[in-house]
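File shown here: data_2.tsv, holding TSV, C-alpha atoms and all ligand atoms.
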```
chain	number	residue	atom	x	y	z
A	192	MET	CA	100.60	118.39	131.13
A	193	GLU	CA	97.47	116.70	132.49
A	194	THR	CA	96.13	113.42	131.13
A	195	VAL	CA	92.73	113.12	129.52
A	196	GLU	CA	91.60	109.51	129.50
A	197	ILE	CA	90.08	108.08	126.35
A	198	PHE	CA	86.98	105.95	126.91
A	199	ASP	CA	86.22	104.30	123.60
A	200	THR	CA	82.62	103.26	123.06
A	201	THR	CA	82.87	102.14	119.42
A	202	LEU	CA	81.82	98.64	120.49
A	203	ARG	CA	78.81	99.85	122.50
A	204	ASP	CA	77.39	103.23	121.44
A	205	GLY	CA	79.11	102.98	118.05
A	206	GLU	CA	77.62	99.60	117.33
A	207	GLN	CA	74.19	101.04	118.17
A	208	SER	CA	74.40	102.94	114.84
A	209	PRO	CA	71.62	101.68	112.59
A	210	GLY	CA	72.94	98.70	110.62
A	211	ALA	CA	76.41	98.70	112.21
A	212	ALA	CA	76.31	95.34	114.03
A	213	MET	CA	79.73	93.70	113.90
A	214	THR	CA	80.69	90.04	113.99
A	215	ALA	CA	82.20	88.63	117.16
A	216	SER	CA	85.61	88.30	115.52
A	217	THR	CA	85.55	91.89	114.19
A	218	ARG	CA	84.68	93.11	117.70
A	219	LEU	CA	87.64	91.20	119.13
A	220	THR	CA	89.97	92.63	116.49
A	221	ILE	CA	88.83	96.20	117.12
A	222	ALA	CA	89.17	95.75	120.89
A	223	ARG	CA	92.73	94.49	120.38
A	224	LEU	CA	93.64	97.42	118.09
A	225	LEU	CA	92.22	99.91	120.61
A	226	ASP	CA	94.08	98.23	123.47
A	227	GLU	CA	97.38	98.28	121.56
A	228	ALA	CA	96.89	101.94	120.59
A	229	GLY	CA	96.59	103.02	124.23
A	230	VAL	CA	92.90	103.59	124.86
A	231	ASP	CA	92.31	103.84	128.65
A	232	THR	CA	88.88	102.19	128.71
A	233	ILE	CA	87.07	100.04	126.17
A	234	GLU	CA	83.31	99.99	126.64
A	235	ALA	CA	82.74	96.55	125.17
A	236	GLY	CA	78.94	96.39	125.22
A	237	PHE	CA	75.64	96.20	127.07
A	238	PRO	CA	75.62	92.59	128.32
A	239	ILE	CA	71.96	92.39	129.42
A	240	SER	CA	70.70	93.31	125.94
A	241	ASN	CA	71.30	89.84	124.43
A	242	GLU	CA	73.35	86.64	124.66
A	243	VAL	CA	75.66	87.58	121.79
A	244	SER	CA	76.53	90.84	123.53
A	245	PHE	CA	77.20	89.11	126.83
A	246	ALA	CA	79.50	86.51	125.24
A	247	SER	CA	81.37	89.15	123.24
A	248	VAL	CA	81.99	91.40	126.25
A	249	LYS	CA	83.21	88.36	128.15
A	250	ALA	CA	85.64	87.42	125.34
A	251	ILE	CA	86.98	90.98	125.11
A	252	ALA	CA	87.36	91.17	128.90
A	253	LYS	CA	89.42	88.00	128.90
A	254	ARG	CA	91.78	89.08	126.10
A	255	THR	CA	92.35	92.79	126.81
A	256	ARG	CA	95.84	93.35	128.23
A	257	HIS	CA	96.14	97.01	129.19
A	258	ALA	CA	92.85	98.91	128.98
A	259	ARG	CA	89.98	98.75	131.42
A	260	VAL	CA	86.98	96.89	130.05
A	261	ALA	CA	83.63	98.47	130.85
A	262	ALA	CA	80.14	97.04	130.52
A	263	LEU	CA	76.96	99.11	130.56
A	264	ALA	CA	74.03	98.51	132.91
A	265	ARG	CA	70.77	100.22	133.79
A	266	CYS	CA	70.05	100.69	137.49
A	267	THR	CA	68.57	97.23	137.98
A	268	GLN	CA	69.89	94.15	139.69
A	269	GLU	CA	69.69	91.98	136.52
A	270	ASP	CA	71.61	94.52	134.42
A	271	ILE	CA	74.32	94.96	137.04
A	272	GLU	CA	74.71	91.20	137.50
A	273	ALA	CA	75.03	90.69	133.75
A	274	ALA	CA	77.59	93.51	133.44
A	275	ALA	CA	79.56	92.21	136.43
A	276	GLY	CA	79.54	88.67	135.06
A	277	ALA	CA	80.69	89.79	131.63
A	278	VAL	CA	83.70	91.81	132.85
A	279	SER	CA	84.63	89.57	135.79
A	280	THR	CA	87.68	88.11	134.01
A	281	ALA	CA	89.06	91.49	132.89
A	282	ARG	CA	92.39	92.58	134.35
A	283	ARG	CA	90.79	95.96	135.02
A	284	PRO	CA	86.99	95.70	135.03
A	285	ARG	CA	84.56	98.61	135.20
A	286	ILE	CA	80.79	98.64	135.61
A	287	HIS	CA	79.07	101.61	134.02
A	288	VAL	CA	75.59	102.28	135.42
A	289	PHE	CA	73.26	104.94	134.11
A	290	ILE	CA	69.85	106.45	134.70
A	291	ALA	CA	68.08	109.30	132.94
A	292	THR	CA	67.83	112.55	134.90
A	293	SER	CA	65.99	114.96	132.59
A	294	PRO	CA	62.30	115.80	133.09
A	295	VAL	CA	61.51	114.60	129.55
A	296	HIS	CA	63.13	111.17	130.10
A	297	LEU	CA	61.85	110.73	133.67
A	298	ARG	CA	58.29	111.56	132.69
A	299	HIS	CA	57.93	110.00	129.24
A	300	LYS	CA	60.44	107.14	129.27
A	301	LEU	CA	60.76	105.91	132.85
A	302	GLY	CA	57.57	107.31	134.40
A	303	ILE	CA	59.33	107.93	137.73
A	304	SER	CA	59.99	110.91	140.00
A	305	THR	CA	63.38	112.53	140.61
A	306	GLY	CA	63.25	111.11	144.13
A	307	ARG	CA	62.87	107.58	142.76
A	308	ALA	CA	65.70	108.14	140.23
A	309	LEU	CA	67.96	109.30	143.06
A	310	GLU	CA	67.15	106.20	145.08
A	311	MET	CA	67.69	103.86	142.11
A	312	ALA	CA	71.02	105.49	141.23
A	313	THR	CA	72.31	105.23	144.79
A	314	ASP	CA	71.26	101.57	145.13
A	315	ALA	CA	72.75	100.69	141.73
A	316	VAL	CA	76.13	102.28	142.40
A	317	SER	CA	76.35	100.57	145.82
A	318	ARG	CA	75.37	97.25	144.27
A	319	ALA	CA	77.89	97.63	141.42
A	320	ARG	CA	80.59	98.41	143.98
A	321	THR	CA	80.02	95.03	145.61
A	322	TYR	CA	81.27	93.44	142.36
A	323	CYS	CA	83.89	95.91	141.24
A	324	ASP	CA	85.81	98.83	142.77
A	325	ASP	CA	85.71	100.81	139.50
A	326	VAL	CA	82.18	102.13	138.92
A	327	GLU	CA	81.14	104.83	136.50
A	328	PHE	CA	77.82	106.59	136.92
A	329	SER	CA	76.11	108.42	134.02
A	330	ALA	CA	73.19	110.83	134.26
A	331	GLU	CA	71.56	110.17	130.89
A	332	ASP	CA	70.37	113.33	129.10
A	333	ALA	CA	72.33	115.37	131.66
A	334	THR	CA	72.41	118.43	129.41
A	335	ARG	CA	68.60	118.72	129.50
A	336	SER	CA	68.45	118.06	133.26
A	337	ASP	CA	68.15	120.55	136.11
A	338	PRO	CA	71.77	121.30	137.10
A	339	ALA	CA	70.79	121.38	140.80
A	340	PHE	CA	69.35	117.85	140.47
A	341	LEU	CA	72.54	116.73	138.70
A	342	VAL	CA	74.56	117.98	141.67
A	343	GLN	CA	72.28	116.02	144.00
A	344	ILE	CA	72.39	112.73	142.08
A	345	PHE	CA	76.14	112.95	141.32
A	346	SER	CA	76.89	113.71	144.99
A	347	ALA	CA	74.80	110.67	145.98
A	348	ALA	CA	76.68	108.54	143.42
A	349	VAL	CA	80.04	109.61	144.85
A	350	ALA	CA	78.84	108.80	148.38
A	351	ALA	CA	77.70	105.37	147.15
A	352	GLY	CA	81.16	104.67	145.70
A	353	ALA	CA	81.19	105.87	142.07
A	354	THR	CA	84.73	106.61	140.83
A	355	THR	CA	83.84	108.33	137.54
A	356	LEU	CA	80.91	110.70	136.93
A	357	ASN	CA	79.85	110.96	133.32
A	358	VAL	CA	77.94	113.91	131.84
A	359	PRO	CA	76.25	112.77	128.63
A	360	ASP	CA	74.87	115.15	126.04
A	361	THR	CA	72.69	112.24	124.96
A	362	VAL	CA	70.82	114.10	122.22
A	363	GLY	CA	73.56	116.45	121.00
A	364	TYR	CA	71.77	119.56	122.27
A	365	ILE	CA	74.26	121.61	124.28
A	366	THR	CA	76.66	124.26	122.93
A	367	PRO	CA	80.35	124.57	123.86
A	368	ALA	CA	79.96	127.66	126.08
A	369	GLU	CA	77.10	126.01	127.97
A	370	MET	CA	79.10	122.79	128.36
A	371	GLU	CA	82.07	124.63	129.80
A	372	ALA	CA	79.78	126.40	132.28
A	373	LEU	CA	77.94	123.17	133.22
A	374	ILE	CA	81.14	121.21	133.97
A	375	GLY	CA	82.46	124.17	135.97
A	376	TYR	CA	79.21	124.33	137.96
A	377	LEU	CA	79.23	120.58	138.67
A	378	ARG	CA	82.88	120.64	139.76
A	379	ALA	CA	82.12	123.53	142.10
A	380	HIS	CA	79.08	121.90	143.73
A	381	ILE	CA	79.27	118.07	143.76
A	382	THR	CA	80.19	116.79	147.22
A	383	GLY	CA	83.35	114.68	147.03
A	384	VAL	CA	84.12	115.68	143.43
A	385	GLU	CA	87.84	115.86	144.22
A	386	ARG	CA	87.86	112.06	144.70
A	387	VAL	CA	86.41	111.23	141.26
A	388	ARG	CA	87.05	111.77	137.57
A	389	ILE	CA	84.60	113.86	135.55
A	390	SER	CA	83.78	112.43	132.14
A	391	VAL	CA	81.92	113.77	129.12
A	392	HIS	CA	79.93	111.92	126.44
A	393	THR	CA	78.79	113.96	123.46
A	394	HIS	CA	76.69	113.43	120.35
A	395	ASP	CA	76.89	115.13	116.99
A	396	ASP	CA	73.26	116.01	116.18
A	397	LEU	CA	74.20	119.66	115.65
A	398	GLY	CA	77.79	118.94	114.57
A	399	MET	CA	79.19	120.06	117.94
A	400	ALA	CA	80.20	116.75	119.57
A	401	THR	CA	83.95	117.36	119.43
A	402	ALA	CA	83.68	121.06	120.30
A	403	ASN	CA	81.49	120.21	123.29
A	404	ALA	CA	83.87	117.51	124.55
A	405	LEU	CA	86.82	119.89	124.23
A	406	ALA	CA	84.86	122.58	126.10
A	407	ALA	CA	84.33	120.05	128.90
A	408	VAL	CA	88.06	119.34	128.97
A	409	ARG	CA	88.75	123.06	129.31
A	410	ALA	CA	86.45	123.07	132.34
A	411	GLY	CA	88.24	120.12	133.95
A	412	ALA	CA	86.70	116.94	132.52
A	413	ARG	CA	89.43	114.29	132.42
A	414	GLN	CA	87.74	111.50	130.48
A	415	VAL	CA	86.23	111.80	127.01
A	416	GLU	CA	83.87	109.15	125.67
A	417	CYS	CA	84.18	108.78	121.92
A	418	THR	CA	84.12	106.39	118.98
A	419	ILE	CA	86.33	105.66	115.99
A	420	ASN	CA	85.05	107.54	112.91
A	421	GLY	CA	82.47	109.19	115.18
A	422	ILE	CA	80.00	106.36	114.61
A	423	GLY	CA	77.05	106.11	116.98
A	424	GLU	CA	73.32	106.62	117.38
A	425	ARG	CA	71.75	109.03	114.85
A	426	ALA	CA	74.41	111.59	113.76
A	427	GLY	CA	77.01	109.77	115.83
A	428	ASN	CA	79.31	110.38	118.79
A	429	CYS	CA	82.34	112.53	119.36
A	430	ALA	CA	85.10	111.12	117.09
A	431	LEU	CA	88.10	109.65	118.92
A	432	GLU	CA	90.49	110.72	116.13
A	433	GLU	CA	89.32	114.34	116.38
A	434	ILE	CA	89.72	114.47	120.16
A	435	VAL	CA	93.21	112.98	120.35
A	436	VAL	CA	94.55	114.99	117.41
A	437	ALA	CA	92.93	118.24	118.60
A	438	LEU	CA	94.41	117.81	122.10
A	439	GLN	CA	97.80	117.06	120.55
A	440	THR	CA	97.74	119.87	118.00
A	441	ARG	CA	96.35	122.50	120.38
A	442	ALA	CA	98.12	121.50	123.60
A	443	ASP	CA	98.77	125.24	123.93
A	444	VAL	CA	95.04	125.74	124.55
A	445	PHE	CA	94.10	122.57	126.44
A	446	GLY	CA	97.30	121.74	128.35
A	447	ALA	CA	96.28	118.09	128.35
A	448	ALA	CA	97.36	114.97	126.50
A	449	THR	CA	96.05	111.46	125.95
A	450	ARG	CA	97.96	108.16	126.01
A	451	PHE	CA	96.65	107.22	122.57
A	452	ASP	CA	99.28	106.57	119.90
A	453	THR	CA	97.93	108.49	116.90
A	454	ALA	CA	100.08	106.53	114.44
A	455	ASN	CA	97.41	103.80	114.66
A	456	LEU	CA	94.47	106.00	113.70
A	457	GLN	CA	94.23	105.30	110.00
A	458	HIS	CA	94.51	101.56	110.47
A	459	ILE	CA	91.80	101.40	113.16
A	460	SER	CA	89.54	103.74	111.20
A	461	LYS	CA	89.68	101.40	108.21
A	462	ALA	CA	89.02	98.33	110.37
A	463	VAL	CA	85.92	99.99	111.87
A	464	ALA	CA	84.67	101.23	108.47
A	465	ARG	CA	84.98	97.70	107.05
A	466	GLY	CA	83.59	95.95	110.13
A	467	THR	CA	80.51	98.19	110.33
A	468	ARG	CA	80.08	98.63	106.55
A	469	MET	CA	80.04	102.38	107.19
A	470	PRO	CA	82.49	104.10	104.81
A	471	VAL	CA	84.17	107.24	106.10
A	472	GLN	CA	83.12	110.43	104.32
A	473	LYS	CA	85.96	111.82	102.17
A	474	ASN	CA	86.17	115.16	103.94
A	475	LYS	CA	86.14	113.66	107.48
A	476	ALA	CA	88.75	115.26	109.78
A	477	VAL	CA	91.95	113.23	110.28
A	478	VAL	CA	90.80	109.92	108.74
A	479	GLY	CA	88.89	111.02	105.59
A	480	ALA	CA	90.46	110.32	102.18
A	481	ASN	CA	90.78	114.06	101.51
A	482	ALA	CA	92.01	115.11	104.98
A	483	PHE	CA	95.56	115.59	103.65
A	484	ALA	CA	94.82	115.96	99.92
A	485	HIS	CA	95.25	119.19	98.00
A	486	GLU	CA	93.98	120.01	94.54
A	487	SER	CA	93.96	123.79	94.20
A	488	GLY	CA	97.09	125.05	92.45
A	489	ILE	CA	97.79	127.73	95.06
A	490	HIS	CA	97.55	125.22	97.94
A	491	GLN	CA	99.69	122.64	96.11
A	492	ASP	CA	102.39	125.21	95.40
A	493	GLY	CA	102.34	126.21	99.10
A	494	VAL	CA	102.53	122.63	100.37
A	495	LEU	CA	105.38	121.80	97.96
A	496	LYS	CA	107.32	124.82	99.25
A	497	ASP	CA	106.50	124.13	102.92
A	498	ARG	CA	103.88	121.68	104.22
A	499	SER	CA	102.92	123.96	107.12
A	500	THR	CA	101.40	126.50	104.72
A	501	TYR	CA	98.22	124.42	104.44
A	502	GLU	CA	98.58	121.50	106.88
A	503	ILE	CA	98.39	121.87	110.67
A	504	VAL	CA	98.81	118.16	111.38
A	505	ASP	CA	101.74	116.14	110.07
A	506	PRO	CA	99.95	113.37	108.16
A	507	ARG	CA	102.71	110.90	109.11
A	508	SER	CA	101.78	111.38	112.79
A	509	VAL	CA	98.39	109.82	112.07
A	510	GLY	CA	99.61	107.13	109.68
A	511	ARG	CA	98.90	109.15	106.52
A	512	ALA	CA	100.70	110.98	103.73
A	513	THR	CA	100.05	114.22	101.88
A	514	THR	CA	98.50	113.72	98.44
A	515	LEU	CA	98.38	116.28	95.68
A	516	THR	CA	95.42	115.51	93.49
A	517	LEU	CA	95.79	116.47	89.84
A	518	GLY	CA	92.73	117.91	88.14
A	519	ARG	CA	91.51	121.08	86.47
A	520	ASN	CA	92.13	123.15	89.62
A	521	SER	CA	95.66	121.92	90.22
A	522	GLY	CA	98.79	123.79	89.26
A	523	ARG	CA	101.94	123.31	87.17
A	524	HIS	CA	104.16	122.98	90.24
A	525	ALA	CA	102.31	119.84	91.40
A	526	LEU	CA	101.94	118.49	87.85
A	527	PHE	CA	105.68	118.53	87.16
A	528	ALA	CA	106.53	117.39	90.70
A	529	ARG	CA	104.37	114.29	90.09
A	530	ALA	CA	105.70	113.78	86.57
A	531	GLY	CA	109.24	113.99	87.97
A	532	ALA	CA	108.40	111.41	90.64
A	533	LEU	CA	107.19	109.12	87.83
A	534	GLY	CA	110.54	109.56	86.02
A	535	LEU	CA	109.13	111.68	83.18
A	536	THR	CA	111.48	114.35	81.87
A	537	PHE	CA	110.86	116.90	79.13
A	538	ASP	CA	112.65	119.51	77.06
A	539	GLU	CA	111.09	122.99	76.84
A	540	GLU	CA	108.76	122.13	73.95
A	541	GLY	CA	107.83	118.71	75.42
A	542	ARG	CA	107.01	120.42	78.68
A	543	ARG	CA	104.57	122.83	77.02
A	544	GLU	CA	102.98	120.04	74.97
A	545	PHE	CA	102.60	117.82	78.05
A	546	ALA	CA	100.96	120.64	80.01
A	547	ARG	CA	98.50	121.34	77.15
A	548	ALA	CA	97.62	117.64	76.89
A	549	PHE	CA	97.07	117.57	80.66
A	550	ASP	CA	94.71	120.57	80.45
A	551	ARG	CA	92.67	118.91	77.69
A	552	LEU	CA	92.28	115.72	79.74
A	553	ALA	CA	91.58	117.54	83.03
A	554	ALA	CA	88.76	119.43	81.31
A	555	GLN	CA	87.08	116.09	80.60
A	556	GLN	CA	87.57	114.09	83.82
A	557	ALA	CA	87.43	114.84	87.55
A	558	SER	CA	90.97	113.77	88.33
A	559	VAL	CA	94.10	112.74	86.47
A	560	GLY	CA	96.02	109.74	87.83
A	561	ASP	CA	99.53	108.39	87.34
A	562	ALA	CA	98.48	106.08	84.49
A	563	ASP	CA	96.92	109.08	82.71
A	564	LEU	CA	100.17	111.03	83.08
A	565	MET	CA	102.21	108.16	81.64
A	566	ALA	CA	99.83	107.91	78.69
A	567	LEU	CA	99.90	111.67	78.14
A	568	ALA	CA	103.70	111.69	78.18
A	569	ALA	CA	103.79	108.86	75.64
A	570	GLY	CA	101.21	110.71	73.51
A	571	SER	CA	103.20	113.95	73.63
A	572	ALA	CA	106.35	112.16	72.53
A	573	LEU	CA	104.46	110.54	69.64
A	574	THR	CA	103.08	113.90	68.55
A	575	GLU	CA	106.60	115.25	68.56
A	576	CYS	CA	107.92	112.38	66.44
A	577	ALA	CA	105.08	112.69	63.93
A	578	SER	CA	105.51	116.40	63.33
B	601	MN	MN	75.47	107.91	123.61
```
Represent the supplied structure as structure tokens.
Ligand SMILES: [Mn+2]
Amino acid sequence: METVEIFDTTLRDGEQSPGAAMTASTRLTIARLLDEAGVDTIEAGFPISNEVSFASVKAIAKRTRHARVAALARCTQEDIEAAAGAVSTARRPRIHVFIATSPVHLRHKLGISTGRALEMATDAVSRARTYCDDVEFSAEDATRSDPAFLVQIFSAAVAAGATTLNVPDTVGYITPAEMEALIGYLRAHITGVERVRISVHTHDDLGMATANALAAVRAGARQVECTINGIGERAGNCALEEIVVALQTRADVFGAATRFDTANLQHISKAVARGTRMPVQKNKAVVGANAFAHESGIHQDGVLKDRSTYEIVDPRSVGRATTLTLGRNSGRHALFARAGALGLTFDEEGRREFARAFDRLAAQQASVGDADLMALAAGSALTECAS
């Protein structure tokens, strides 16, 4: 089984979600939770962007015990110095330098030629290496760049001392088949690729972030950049919880595992949702409220007979439990299983009466909770006494 490293960027790309800025103490807490759960690298921020960012990255670097702590930098001396300064006290520091490589970014954003980008990337990686022997190089907007130019700039980055090469799908544009082909092409052509780790960074603009990251893993990428709850710019990043649980559940397909302890997922997800004031959608994979909830009668009956009928992930493995929601679509099997768990027992007639009372209530409200069931049982008994 090969290892896929998890590079968490919740505190950098994730925090770049509109309105998601976290307090310094929340950032420290999330960094600690990620470190304890077994993330390989924590990208703690972009130190040059402001003083608060610099101080926070520095504090995280100082306190992180196991994971590498990475700081982001553009290919300029000031950025690299700020990043180096912020991670200097980390046990395992990393400087992450990036430059855009696509025609659209080079022309409209940076106003430079490919030749100039190549020169800047090479200088930046060499400069970063003078501070730190762990340097990641990213070709921003790689998926809209000329693959031949990517080979050229990545080969130059390796020669200058980069230890990880990251392929970002910055705008969430690529498809899984194209991603698999692109990573395969890069691995076949980059000079010195055998000495470095290939990484992937995907966005969810077309809902393909996780699929694209997994396609990259199939082609040999051994680091995935992701965020808790998939938060990030625009439609967000690849979700950490989806990557680690997909690799675990479908090890038969990917033959690779992460070091992340999935039992922590629910707890970290809640901490990030609270800290960013971004609630998780109910139907979100793995961490959504409904991810292990069943309401249809047929599904409930199946799950009560054997969980594997409708669940492919054991909810306990991700810090969750199966819930059977009672409502107008639920079945008798789940209704009486829940009533039994609440200590309610019935004779034949009481059972019929209770079920009828449940149907009347379920017709009026979206879901029927434990308190409702207790009240219904009391009501049924009263009806019986009165008649
Ligand atoms: Mn990004």
Please, which residues have at least one atom within 8 Å of an atom of ligand MN 601 (chain B), using all atoms listed in the file, listed as an NGL selection string? :A and (204 or 359-362 or 392-394 or 423-424 or 428)
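Rounded to one decimal, atom CA of Thr220 of chain A and atom CA of Ala462 of chain A lie 8.4 Å from each other.
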Shell of 6 Å around Gln414 of chain A, all atoms listed in the file, local chain residues under 4 positions omitted, as number ranges by chain: A: 195-197, 390
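If you look at atom CA of Thr255 of chain A and atom CA of Phe445 of chain A, they are 29.8 Å away from each other.
In this comparison, which uses all atoms listed in the file, the residue of A:Gly493, A:Ala554, A:Ser329, A:Leu224 approaching Glu416 of chain A most closely is A:Ser329.
Relative to atom CA of Phe198 of chain A, atom CA of Arg259 of chain A is found at 9.0 Å.
Among the candidates A:His380, A:Arg285, A:Arg551, A:His524, the one nearest to Asp492 of chain A when counting only C-alpha atoms is A:His524.
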When you look at Gln556 of chain A with a cut-off of 12 Å (counting only C-alpha atoms), what residues show up, excluding the ones that are within fewer than 5 positions of it in the same chain? I need them as a ChimeraX atom specification. /A:517-520,549-551,563
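Nearest to Val243 of chain A of all the residues A:Ala480, A:Val230, A:Arg218, A:Met399 is A:Arg218, based on all atoms listed in the file.
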Taking (74.7, 118.3, 123.0) in the coordinates of the supplied file, I want to know which residues reach to within 10 Å of it, counting only C-alpha atoms; could you give the answer as a ChimeraX atom specification? /A:332-335,359-367,369-370,392-404
